[in-house]
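*Asks:* Shown below is the structure under consideration.
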Amino acid sequence: MQWILPPSASSYAGDIDFLYYLILVITGVAFVVVEVGLLWFAIRYRARPGRRATYTHGNMRAEVVWTAIPAVTVVVLGIMSGGVWNNIKGRDSVPADALPYRVTARQFEWHVTHPGPDGVLDTPDDFTLRNQLHVPVGRPVVVHLGSEDVIHSFFVPAFRIKQDAVPGMHIRVWFEATDVGAYELACAELCGLGHYRMGAMVTVHETREFEEWTVGQAALRSDAAQGVTP
Ligand SMILES: [Cu+2]
């Protein structure tokens, strides 16, 4: 249903979307039932000349039913959401083989340190790009998220991931892209006057293409560092 949600392109996007539509349908049905009931009662029992009001102390059975059904529904939804949440944001949810990145937010841009050809952060082949995150398809990625100034929020709608970047905190956020393409990375926390332009691009590459791109970028940067002009 593209007209409600953006295209989905991560391994857990389907779980999020399923919950979203499930809750949408349940609350949609409840909305219709309640509103139709409201209208029906308002019309059926409207004031009419000569008809006396009747007094009631309620109906125990009806009250138990309309309390129990929502309570059970909410608990079931809570348990289902808990499982998905745990998989995405749980303490030990980051896959062990995830490719590491460091993303530092600041007013008003994203600094993205890529691990370079060796796939390890904090080694000489790392390189940092502004407002660009390049990842391989079909491989888990972990972003070490931080902020230099105020609270920002790392939001990639197509991956169904949103995580605050908080100054002084090191937060890990992971995803696995399932489709090659270019996706929006936005800041989802009002972080100042330039908040609106804190947009970046996530590029998901085919594995081979990603490796070639990474080697090329790393070489470009080490040449630049040594003063060699290509
Ligand atoms: Cu921001």
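Quick note on naming: the chains in the structure tokens go A, B, ... in the order shown, residues restart at 1 in each chain, and ligands are numbered from 1 in order of appearance.
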Kindly provide, as a list in words, all nucleotide and amino acid residues lying within 9 Å of ligand 1, counting only C-alpha atoms and all ligand atoms.
*Replies:*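 Listed by chain and ascending number, the contacts are Ala105, Arg106, Gln107, Phe108, Glu109, Trp110, Val150, Ile151, His152, Ser153, Phe154, Ala165, Ala186, Cys187, Ala188, Glu189, Leu190, Cys191, Gly192, Gly194, His195, Tyr196, Arg197, Met198 and Gly199 of chain A.
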*Asks:* Could you write out, as a ChimeraX atom specification, all the residues of region 105-212 of chain A that DSSP marks as helix (DSSP H, G or I)?
*Replies:* /A:157-159,195-197,207-212
*Asks:* Record the distance separating CA of Asp118 (chain A) and CA of Ser147 (chain A), expressed in Å with one decimal.
*Replies:*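 Distance reported for this atom pair: 25.4 Å.
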*Asks:* Hey, what's within 12 Å of region 65-74 of chain A if we count only C-alpha atoms and toss same-chain stuff fewer than 2 positions away? As a list of chain:residue names, please?
*Replies:*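 The residues satisfying every condition are A:Leu22, A:Ile23, A:Ile26, A:Thr27, A:Ala30, A:Val33, A:Val34, A:Asn59, A:Met60, A:Arg61, A:Ala62, A:Glu63, A:Val76, A:Leu77, A:Gly78, A:Ile79, A:Met80, A:Ser81, A:Gly82.
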*Asks:* Any idea what's packed within 10 Å of Ala182 (chain A), counting only C-alpha atoms, ignoring anything in its chain fewer than 5 positions away? Could you give it as an mmCIF file with C-alpha atoms, in the first residue's frame?
*Replies:*
data_model
loop_
_atom_site.group_PDB
_atom_site.id
_atom_site.type_symbol
_atom_site.label_atom_id
_atom_site.label_comp_id
_atom_site.auth_asym_id
_atom_site.auth_seq_id
_atom_site.Cartn_x
_atom_site.Cartn_y
_atom_site.Cartn_z
ATOM 1 C CA LEU A 133 25.918 6.964 3.626
ATOM 2 C CA HIS A 134 26.879 4.123 1.295
ATOM 3 C CA ALA A 158 12.422 3.282 3.762
ATOM 4 C CA MET A 201 21.150 10.220 1.067
ATOM 5 C CA VAL A 202 21.608 6.535 1.776
ATOM 6 C CA THR A 203 22.902 4.675 -1.258
ATOM 7 C CA VAL A 204 22.502 0.910 -1.249
ATOM 8 C CA HIS A 205 24.931 -0.810 -3.608
#
*Asks:* Which of these residues is nearest to Pro124 (chain A), using only C-alpha atoms: A:Arg44, A:Tyr21, A:Ala218, A:Val29?
*Replies:*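 Closest to Pro124 (chain A), using only C-alpha atoms: A:Ala218.
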*Asks:* So which bits of region 2-210 of chain A end up strand (DSSP E or B) when you DSSP the backbone, as a ChimeraX atom specification?
*Replies:* /A:10,99-106,109-114,127-130,132-136,140-147,152-156,161-165,171-177,181-187,199-205
*Asks:* Rounded to one decimal place, report the CA of Glu184 (chain A)-CA of Ser8 (chain A) distance in Å.
*Replies:*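 Distance between the two atoms: 11.9 Å.
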*Asks:* For Leu145 (chain A), list every protein, DNA or RNA residue within 9 Å, evaluated using only C-alpha atoms, and leave out those in the same chain fewer than 4 positions away; present the list as an MDAnalysis selection string.
*Replies:* chainID A and resid 101:105 154 163:166 169:173
*Asks:* Rank nothing, just name the residue among A:Gly50, A:Asp15, A:Phe127, A:His111 nearest to Asn86 (chain A), using only C-alpha atoms.
*Replies:*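 Closest to Asn86 (chain A) of all the choices is A:Asp15.
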*Asks:* When you draw a straight line from CA of Glu148 (chain A) to CA of Pro167 (chain A), how long is it in Å?
*Replies:*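 Result for CA of Glu148 (chain A) versus CA of Pro167 (chain A): 5.8 Å, one decimal.
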*Asks:* Using only C-alpha atoms, can you tell me which of A:Thr178, A:Ala200, A:Ile88, A:Thr128 comes closest to Phe155 (chain A)?
*Replies:*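 Looking at the shortest contact to Phe155 (chain A), the residue is A:Ala200.
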